[in-house]
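Data from coords_32.txt: compact mmCIF, C-alpha atoms
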# COMPACT_ATOMS: atom_id res chain seq x y z
CA MET A 260 0.00 0.00 0.00
CA LYS A 261 1.37 3.39 -1.01
CA PHE A 262 0.82 6.34 1.29
CA ILE A 263 1.78 10.00 1.71
CA HIS A 264 2.36 11.59 5.11
CA ILE A 265 2.06 15.38 5.53
CA ALA A 266 1.71 17.69 8.53
CA ASP A 267 1.71 21.37 9.46
CA VAL A 268 0.54 22.64 6.10
CA HIS A 269 -0.55 25.88 7.84
CA LEU A 270 -3.00 26.97 5.16
CA GLY A 271 -3.81 30.63 5.75
CA ALA A 272 -0.43 31.54 7.25
CA LYS A 273 0.98 34.93 6.22
CA PRO A 274 4.77 34.84 6.58
CA GLU A 275 6.66 38.14 6.27
CA LYS A 276 3.47 40.10 5.75
CA ASN A 277 5.45 43.39 5.66
CA MET A 278 7.83 42.18 2.94
CA PRO A 279 7.42 42.76 -0.82
CA TRP A 280 7.00 39.01 -1.35
CA ALA A 281 4.30 38.61 1.36
CA LYS A 282 1.48 37.70 -1.06
CA GLU A 283 3.65 35.14 -2.82
CA ARG A 284 4.63 33.54 0.50
CA GLU A 285 0.99 33.38 1.58
CA GLU A 286 0.18 31.29 -1.49
CA HIS A 287 3.05 28.84 -1.01
CA SER A 288 1.22 26.62 1.49
CA TRP A 289 -1.77 26.26 -0.86
CA GLN A 290 0.49 25.55 -3.85
CA ALA A 291 2.48 22.96 -1.91
CA PHE A 292 -0.73 21.29 -0.72
CA SER A 293 -2.01 21.11 -4.30
CA ASP A 294 1.31 19.55 -5.36
CA VAL A 295 0.85 16.79 -2.78
CA ILE A 296 -2.63 16.02 -4.13
CA THR A 297 -1.27 15.90 -7.68
CA ARG A 298 1.52 13.53 -6.58
CA ALA A 299 -1.03 11.29 -4.83
CA LYS A 300 -3.05 11.14 -8.05
CA GLU A 301 -0.05 10.44 -10.30
CA GLU A 302 1.37 7.75 -8.00
CA GLN A 303 -2.07 6.24 -7.31
CA VAL A 304 -1.44 6.60 -3.60
CA GLN A 305 -4.03 4.71 -1.55
CA LEU A 306 -3.73 6.60 1.74
CA LEU A 307 -3.04 10.24 2.64
CA LEU A 308 -2.23 10.95 6.30
CA VAL A 309 -2.57 14.55 7.57
CA ALA A 310 -0.99 14.79 11.04
CA GLY A 311 -2.52 18.05 12.29
CA ASN A 312 -2.35 21.79 11.66
CA LEU A 313 -3.71 21.58 8.14
CA PHE A 314 -4.66 25.21 8.83
CA HIS A 315 -2.63 27.94 10.53
CA ARG A 316 -5.72 29.04 12.51
CA GLN A 317 -9.44 28.32 12.59
CA PRO A 318 -10.49 27.43 9.02
CA LEU A 319 -13.17 29.33 7.14
CA ILE A 320 -15.99 27.48 5.39
CA ARG A 321 -14.69 28.53 1.97
CA GLU A 322 -11.24 27.19 2.89
CA LEU A 323 -12.68 23.85 4.00
CA LYS A 324 -14.61 23.65 0.72
CA GLU A 325 -11.40 24.24 -1.24
CA VAL A 326 -9.54 21.55 0.73
CA ASN A 327 -12.45 19.15 0.21
CA ARG A 328 -12.36 19.93 -3.52
CA GLN A 329 -8.67 19.04 -3.56
CA PHE A 330 -9.39 15.75 -1.80
CA SER A 331 -12.10 15.02 -4.38
CA ARG A 332 -9.37 15.05 -7.05
CA ILE A 333 -8.09 11.78 -5.57
CA PRO A 334 -11.21 9.62 -5.00
CA GLN A 335 -8.99 6.51 -5.12
CA THR A 336 -7.12 7.78 -2.04
CA GLN A 337 -8.45 7.44 1.50
CA VAL A 338 -7.65 10.60 3.49
CA VAL A 339 -7.33 10.51 7.30
CA LEU A 340 -6.73 13.75 9.21
CA VAL A 341 -6.71 15.18 12.73
CA ALA A 342 -6.81 18.75 14.05
CA GLY A 343 -3.68 20.11 15.72
CA ASN A 344 -2.98 22.83 18.25
CA ARG A 345 -3.39 25.60 15.66
CA ASP A 346 -6.68 24.50 14.06
CA TYR A 347 -8.09 22.87 17.21
CA LEU A 348 -11.82 22.16 17.48
CA ARG A 349 -13.15 24.97 19.63
CA GLN A 350 -16.90 25.29 20.19
CA ASN A 351 -17.68 27.41 17.12
CA SER A 352 -15.14 25.79 14.78
CA CYS A 353 -16.32 25.28 11.21
CA TYR A 354 -14.81 21.81 11.48
CA ASN A 355 -17.73 20.76 13.71
CA THR A 356 -20.45 20.99 11.07
CA PHE A 357 -18.52 20.54 7.83
CA ARG A 358 -19.40 17.53 5.67
CA TRP A 359 -16.39 15.91 4.06
CA GLY A 360 -16.30 13.82 0.90
CA GLU A 361 -16.71 10.04 1.05
CA ASN A 362 -12.95 9.41 0.92
CA VAL A 363 -12.18 11.71 3.89
CA HIS A 364 -12.08 10.47 7.49
CA PHE A 365 -11.74 13.14 10.18
CA LEU A 366 -10.77 11.73 13.59
CA LYS A 367 -12.31 14.65 15.49
CA GLU A 368 -12.73 13.12 18.98
CA GLU A 369 -10.44 14.33 21.77
CA LYS A 370 -9.74 10.75 22.86
CA ILE A 371 -8.02 8.10 20.77
CA ARG A 372 -10.33 6.60 18.17
CA SER A 373 -9.71 4.57 15.03
CA VAL A 374 -11.06 4.16 11.52
CA GLU A 375 -10.87 0.83 9.69
CA LEU A 376 -10.13 1.05 5.98
CA GLU A 377 -11.18 -2.44 4.98
CA GLY A 378 -10.16 -2.16 1.36
CA LEU A 379 -6.62 -1.37 2.44
CA GLY A 380 -6.41 -3.69 5.43
CA VAL A 381 -5.39 -0.69 7.54
CA ARG A 382 -6.63 0.75 10.82
CA VAL A 383 -5.64 4.36 11.63
CA TYR A 384 -5.66 5.65 15.21
CA GLY A 385 -5.69 9.30 16.21
CA LEU A 386 -7.28 12.18 18.10
CA SER A 387 -7.86 15.89 17.53
CA TYR A 388 -6.98 18.87 19.72
CA TRP A 389 -9.90 20.55 21.46
CA ARG A 390 -7.65 23.14 23.12
CA ARG A 391 -4.34 24.81 22.28
CA GLU A 392 -2.28 22.94 24.85
CA ILE A 393 -2.41 19.31 25.97
CA ARG A 394 0.19 18.30 28.55
CA GLU A 395 -1.05 14.74 29.07
CA ARG A 396 0.81 11.83 27.43
CA LEU A 397 -2.19 10.66 25.42
CA TYR A 398 -0.22 8.45 23.03
CA ASP A 399 1.13 6.15 25.76
CA LYS A 400 -0.26 2.60 25.83
CA ILE A 401 -2.80 2.83 23.02
CA PRO A 402 -4.84 -0.40 22.93
CA ALA A 403 -4.13 -1.22 19.28
CA ALA A 404 -6.01 -4.30 18.08
CA LYS A 405 -4.03 -7.37 17.09
CA ASP A 406 -5.52 -8.93 13.98
CA ASP A 407 -4.93 -9.00 10.23
CA PHE A 408 -5.10 -5.20 9.94
CA SER A 409 -1.95 -3.04 9.87
CA ASN A 410 -2.18 -0.37 12.57
CA ILE A 411 -1.06 3.23 11.97
CA LEU A 412 -0.92 6.03 14.54
CA LEU A 413 -1.64 9.58 13.36
CA ALA A 414 -0.29 11.89 16.08
CA HIS A 415 0.36 15.58 16.65
CA GLY A 416 2.69 16.72 19.42
CA GLY A 417 6.15 16.17 20.82
CA ASP A 418 6.91 18.93 23.32
CA GLU A 419 5.91 19.40 26.96
CA THR A 420 2.80 21.46 26.21
CA HIS A 421 1.61 19.49 23.18
CA ILE A 422 1.15 15.79 24.02
CA PRO A 423 4.68 14.74 25.02
CA PHE A 424 5.85 11.35 23.81
CA ASP A 425 8.94 9.18 23.54
CA ALA A 426 9.69 7.83 20.06
CA LYS A 427 11.13 4.57 21.37
CA GLU A 428 8.02 3.97 23.45
CA LEU A 429 5.82 4.59 20.40
CA GLU A 430 7.89 2.04 18.48
CA LYS A 431 7.27 -0.59 21.16
CA GLN A 432 3.50 -0.31 20.76
CA GLY A 433 3.62 -2.31 17.56
CA PHE A 434 2.34 0.19 15.02
CA ALA A 435 3.35 -0.47 11.44
CA TYR A 436 3.90 3.27 11.05
CA VAL A 437 3.60 6.36 13.27
CA ALA A 438 2.83 9.54 11.31
CA LEU A 439 3.78 12.57 13.41
CA GLY A 440 3.22 16.32 13.15
CA HIS A 441 3.88 19.52 15.14
CA ILE A 442 7.69 19.87 15.02
CA HIS A 443 8.46 21.69 11.78
CA LYS A 444 11.71 19.89 10.98
CA PRO A 445 11.35 16.66 8.94
CA MET A 446 13.04 13.73 10.66
CA GLN A 447 12.83 9.98 11.08
CA LEU A 448 12.87 9.42 14.84
CA VAL A 449 12.85 5.66 14.23
CA GLU A 450 13.91 4.91 10.67
CA HIS A 451 10.99 4.13 8.33
CA LYS A 452 8.67 3.72 11.31
CA VAL A 453 8.27 6.78 13.59
CA VAL A 454 8.45 9.85 11.38
CA MET A 455 7.94 13.59 11.92
CA ALA A 456 6.83 15.03 8.58
CA GLY A 457 7.88 18.59 9.39
CA ALA A 458 6.08 21.61 7.96
CA LEU A 459 5.10 21.26 4.32
CA GLN A 460 6.66 24.70 3.80
CA PRO A 461 8.43 26.89 6.40
CA VAL A 462 6.34 29.40 8.32
CA ASP A 463 9.15 31.75 9.44
CA CYS A 464 12.87 32.33 9.03
CA THR A 465 13.83 30.19 12.04
CA GLU A 466 12.79 27.11 10.04
CA THR A 467 15.87 26.69 7.88
CA GLY A 468 16.57 23.81 5.52
CA GLU A 469 14.36 21.80 3.19
CA HIS A 470 10.67 21.13 3.85
CA GLY A 471 8.20 18.80 2.18
CA TYR A 472 6.51 15.46 2.86
CA PHE A 473 7.12 11.72 3.07
CA ILE A 474 5.93 9.11 0.61
CA GLY A 475 6.08 5.47 1.62
CA GLU A 476 4.98 1.93 1.04
CA LEU A 477 3.63 -0.50 3.61
CA THR A 478 4.09 -4.19 2.82
CA GLU A 479 4.03 -7.47 4.72
CA SER A 480 7.78 -7.17 5.23
CA GLY A 481 7.55 -3.69 6.78
CA CYS A 482 7.49 -0.01 5.89
CA LYS A 483 9.82 2.21 3.89
CA VAL A 484 9.53 5.97 3.46
CA GLU A 485 11.31 8.64 1.43
CA PHE A 486 11.43 12.39 1.98
CA CYS A 487 10.21 14.55 -0.90
CA PRO A 488 11.25 18.23 -0.71
CA LEU A 489 9.11 21.04 -2.12
CA HIS A 490 11.08 24.11 -3.12
CA TYR A 491 8.69 27.04 -2.91
CA CYS A 492 10.61 28.65 -0.08
CA GLU A 493 13.74 27.74 1.85
CA TYR A 494 15.26 29.87 4.60
CA VAL A 495 19.04 29.97 4.86
CA SER A 496 21.12 31.25 7.78
CA LEU A 497 24.16 33.05 6.41
CA ASN A 498 26.95 33.73 8.93
CA LEU A 499 29.28 36.58 8.01
CA LYS A 500 32.31 37.41 10.15
CA VAL A 501 33.32 41.06 10.12
CA SER A 502 36.33 42.97 11.44
CA GLN A 503 37.01 46.65 12.14
CA ASP A 504 38.29 46.95 8.55
CA THR A 505 35.06 45.61 7.03
CA THR A 506 33.15 48.26 5.14
CA GLU A 507 29.44 48.21 4.54
CA GLU A 508 29.94 48.20 0.77
CA ASN A 509 32.29 45.20 0.89
CA LEU A 510 29.85 43.36 3.12
CA LYS A 511 26.97 44.02 0.71
CA LYS A 512 29.09 42.77 -2.23
CA VAL A 513 29.92 39.54 -0.42
CA LEU A 514 26.30 39.05 0.55
CA GLN A 515 25.04 39.77 -2.97
CA GLY A 516 27.55 37.30 -4.39
CA ARG A 517 26.33 34.55 -2.07
CA MET A 518 22.70 35.27 -2.94
CA ASP A 519 23.42 35.30 -6.69
CA GLN A 520 24.73 31.74 -6.39
CA ALA A 521 21.79 30.52 -4.31
CA LYS A 522 18.59 28.84 -5.46
CA GLU A 523 15.74 31.19 -6.41
CA CYS A 524 13.53 29.85 -3.62
CA GLN A 525 16.01 30.77 -0.88
CA LEU A 526 15.53 33.69 1.52
CA PHE A 527 18.28 34.76 3.92
CA LYS A 528 18.69 35.38 7.62
CA ILE A 529 22.01 37.21 8.03
CA ILE A 530 24.00 36.72 11.23
CA LEU A 531 26.95 39.10 11.76
CA THR A 532 29.75 38.02 14.08
CA GLY A 533 33.24 39.27 14.88
CA SER A 534 34.37 42.74 15.93
CA CYS A 535 33.19 46.02 14.44
CA SER A 536 34.65 49.49 14.36
CA LEU A 537 33.46 51.92 17.02
CA ASP A 538 33.64 54.77 14.53
CA THR A 539 31.87 53.13 11.57
CA PRO A 540 29.45 50.42 12.77
CA ILE A 541 27.63 48.28 10.21
CA ASP A 542 24.20 49.66 9.27
CA THR A 543 22.08 46.53 9.74
CA GLU A 544 18.93 48.31 8.56
CA GLU A 545 20.61 48.95 5.20
CA LEU A 546 21.49 45.25 4.89
CA ALA A 547 17.94 44.29 5.80
CA ARG A 548 16.64 46.31 2.84
CA MET A 549 18.53 44.11 0.38
CA GLU A 550 16.42 41.85 -1.82
CA ARG A 551 15.79 38.35 -0.38
CA VAL A 552 17.01 39.32 3.10
CA VAL A 553 14.41 38.47 5.77
CA GLN A 554 16.31 39.38 8.93
CA VAL A 555 19.70 40.68 10.08
CA VAL A 556 21.03 39.66 13.50
CA ASP A 557 23.98 41.68 14.80
CA ARG A 558 26.17 39.62 17.13
CA CYS A 559 29.29 41.72 16.62
CA HIS A 560 31.12 43.19 19.57
CA PRO A 561 32.84 46.60 19.53
CA ASP A 562 36.60 46.57 19.00
CA TYR A 563 37.52 48.09 22.37
CA ASP A 564 41.08 49.03 23.30
CA PHE A 565 40.98 47.57 26.82
CA GLU A 566 44.47 48.83 27.76
CA LYS A 567 43.50 52.44 27.07
CA LEU A 568 40.20 51.96 28.91
CA LYS A 569 42.03 50.54 31.96
CA LEU A 570 44.40 53.52 32.06
CA LYS A 571 41.65 56.05 31.59
CA HIS A 572 39.41 54.48 34.26
CA GLN A 573 42.06 52.87 36.49
CA ASN A 574 40.59 54.23 39.75
CA GLN A 575 37.00 53.62 38.74
CA ILE A 576 34.67 50.61 38.55
CA LEU A 577 35.23 50.20 34.80
CA GLY A 578 38.99 49.87 35.12
CA ARG A 579 38.76 47.42 38.04
CA TYR A 580 36.14 45.40 36.16
CA ILE A 581 38.42 44.97 33.11
CA GLU A 582 41.36 43.94 35.32
CA ALA A 583 39.23 41.39 37.20
CA LEU A 584 37.87 39.82 34.01
CA GLU A 585 41.32 39.62 32.39
CA LYS A 586 42.67 37.66 35.37
CA MET A 587 40.00 35.00 34.97
CA PRO A 588 40.38 31.96 32.63
CA GLN A 589 39.64 33.24 29.11
CA THR A 590 36.63 31.16 28.14
CA GLU A 591 33.88 32.18 25.74
CA ILE A 592 31.74 33.16 28.73
CA THR A 593 34.34 35.48 30.29
CA LYS A 594 35.04 37.11 26.93
CA LYS A 595 31.32 37.85 26.49
CA ALA A 596 31.10 39.12 30.06
CA LEU A 597 34.01 41.48 29.39
CA TYR A 598 32.51 42.96 26.22
CA TYR A 599 28.93 43.19 27.51
CA GLY A 600 30.01 44.60 30.87
CA VAL A 601 32.22 47.28 29.31
CA GLU A 602 29.50 48.16 26.81
CA ALA A 603 26.93 48.56 29.60
CA MET A 604 29.21 50.72 31.79
CA LEU A 605 30.23 52.96 28.89
CA ALA A 606 26.57 53.44 28.05
CA GLU A 607 26.01 54.67 31.61

Just give me the structure as structure tokens.
Amino acid sequence: MKFIHIADVHLGAKPEKNMPWAKEREEHSWQAFSDVITRAKEEQVQLLLVAGNLFHRQPLIRELKEVNRQFSRIPQTQVVLVAGNRDYLRQNSCYNTFRWGENVHFLKEEKIRSVELEGLGVRVYGLSYWRREIRERLYDKIPAAKDDFSNILLAHGGDETHIPFDAKELEKQGFAYVALGHIHKPMQLVEHKVVMAGALQPVDCTETGEHGYFIGELTESGCKVEFCPLHYCEYVSLNLKVSQDTTEENLKKVLQGRMDQAKECQLFKIILTGSCSLDTPIDTEELARMERVVQVVDRCHPDYDFEKLKLKHQNQILGRYIEALEKMPQTEITKKALYYGVEAMLAE
């Protein structure tokens, strides 16, 4: 049986809404979702698993109708989905009254339930969120039936406020496959068996690296999955080390050169490290205005002349502070304490 596993599609999300490309980014989640449906149709996939947060917030009726229309493109595919912490089933949620197509199975209860897909010989277990946070370990010791059906767990969570679990414990429960959502980084916690799909596309610039979905096949001998990236958007952290001789123009040239060589889908988070000149600091706002730059983080420290500062302030707190820090073992922590302490006292 062929299946596709997706999670955290976040339809309706609006990343970088103040950027020139905001409208384009808003459409990426819908385009990526449509691509998954097309792949399911082309590959004649028999099961589509949606492990929560299909929507970024409470879905509108028109959005549910569009998703249902997409599912209707693959009538040969059984779709099983749950609601996550973002699109949880609150009292007035449109999820509560919406009527899905015949091939769609929404596990909407807040306790573990299952749906048997007789034509596939598969039973899928899962639950939906009815509140934003669930601290209970609801995936521990699920009473999965032992018969000729293959059991799959569809689960959303993985941190202390969203149904904590242990991957090894999930593996011991005997599921043929555990389809996870919530953490936005794709990863196989137990190879080919306990898998976090990651976000279909990144929601913000902290989510670097490739995003996409998993396609797999479940046979009598076991399960095997493969990650399939979708390249609508990819955030890249670019670390640039500067010195007191680095000019803003040179920095922009280096940055532009790196971006010219990058893939078109990539957007950049710039992290500046090293030491900067006290007289001509780098204008981070100017860098942030460059095309394809999402954020600039300045982690540079001023290039202080500590000997001159000690002489100038030798009978004051600043001078004694520098002397005390220099006598300590020079670890990364003491170096940071020296720079940050001097910076704070000079600001006073």

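Of the listed residues A:Gln447, A:Ser409, A:Gln305, A:Ser534, the one whose atoms come nearest to Ala426 (chain A) is A:Gln447, with distances taken using all atoms listed in the file.
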
Excluding same-chain residues fewer than 5 positions from Ser352 (chain A), what lies within 12 Å of it counting all atoms listed in the file, as a PyMOL selection string?
chain A and resi 316-320+323+342+345-347+357+367+388-390

Shell of 6 Å around Leu439 (chain A), all atoms listed in the file, local chain residues under 6 positions omitted, as a PyMOL selection string:
chain A and resi 310+414-415+454-455

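The coordinates place CA of Ile530 (chain A) at 29.0 Å from CA of Glu566 (chain A).
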
To one decimal place, how far is CA of Arg382 (chain A) from CA of Ala266 (chain A) in Å?
19.0 Å

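The interatomic distance for the pair CA of Tyr598 (chain A) and CA of Tyr563 (chain A) works out to 8.1 Å.
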
I'd like the contact shell of Phe473 (chain A) - 9 Å cut-off, only C-alpha atoms, skipping same-chain residues fewer than 4 positions apart - returned as an mmCIF file with C-alpha atoms, in the coordinates of the input.
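Everything below was put into around-v2.cif:
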data_model
loop_
_atom_site.group_PDB
_atom_site.id
_atom_site.type_symbol
_atom_site.label_atom_id
_atom_site.label_comp_id
_atom_site.auth_asym_id
_atom_site.auth_seq_id
_atom_site.Cartn_x
_atom_site.Cartn_y
_atom_site.Cartn_z
ATOM 1 C CA PHE A 262 0.820 6.340 1.290
ATOM 2 C CA ILE A 263 1.780 10.000 1.710
ATOM 3 C CA HIS A 264 2.360 11.590 5.110
ATOM 4 C CA ILE A 265 2.060 15.380 5.530
ATOM 5 C CA PRO A 445 11.350 16.660 8.940
ATOM 6 C CA VAL A 454 8.450 9.850 11.380
ATOM 7 C CA ALA A 456 6.830 15.030 8.580
ATOM 8 C CA VAL A 484 9.530 5.970 3.460
ATOM 9 C CA GLU A 485 11.310 8.640 1.430
ATOM 10 C CA PHE A 486 11.430 12.390 1.980
ATOM 11 C CA CYS A 487 10.210 14.550 -0.900
ATOM 12 C CA PRO A 488 11.250 18.230 -0.710
#

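Candidate residues A:Ser293, A:Asn362, A:Gln525, A:Thr506 were compared for distance to Glu325 (chain A), and the nearest is A:Ser293, using all atoms listed in the file.
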
Nearby residues (all atoms listed in the file) at most 9 Å from Leu510 (chain A), same-chain spacing under 4 positions excluded, as a PyMOL selection string:
chain A and resi 499+501+505-506+514-515+541+546

Quick one: everything within 12 Å of Ala583 (chain A), counting only C-alpha atoms, minus sequence neighbours fewer than 6 positions away in the same chain. Send it as a compact mmCIF listing (two decimals) with C-alpha atoms, keeping the file's coordinate frame.
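Wrote it out as around33.txt, contents follow:
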# COMPACT_ATOMS: atom_id res chain seq x y z
CA LYS A 569 42.03 50.54 31.96
CA GLN A 573 42.06 52.87 36.49
CA ILE A 576 34.67 50.61 38.55
CA LEU A 577 35.23 50.20 34.80
CA GLN A 589 39.64 33.24 29.11
CA THR A 593 34.34 35.48 30.29
CA LYS A 594 35.04 37.11 26.93
CA ALA A 596 31.10 39.12 30.06
CA LEU A 597 34.01 41.48 29.39
CA GLY A 600 30.01 44.60 30.87

Any chance you could work out the axis-aligned box around region 569-582 of chain A, listed atoms only, 5 Å on each side, giving centre and edge lengths in Å to one decimal, as lines of an AutoDock Vina configuration file?
center_x = 39.5
center_y = 50.0
center_z = 35.7
size_x = 19.7
size_y = 22.1
size_z = 18.2

Closest to Val268 (chain A) among A:Arg548, A:His441, A:Lys324, A:Lys400, using all atoms listed in the file?
A:His441

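Proximity of A:Val374, A:Leu348, A:Val363, A:Val341 to Gly416 (chain A), computed with all atoms listed in the file, is greatest for A:Val341.
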
Counting all atoms listed in the file, the residue among A:Cys492, A:Val555, A:Met604, A:Ala547 that lies closest to Glu283 (chain A) is A:Cys492

Measuring atom to atom with all atoms listed in the file, identify which of A:Arg396, A:Lys511, A:Arg517, A:Arg284 is nearest to Glu428 (chain A).
A:Arg396
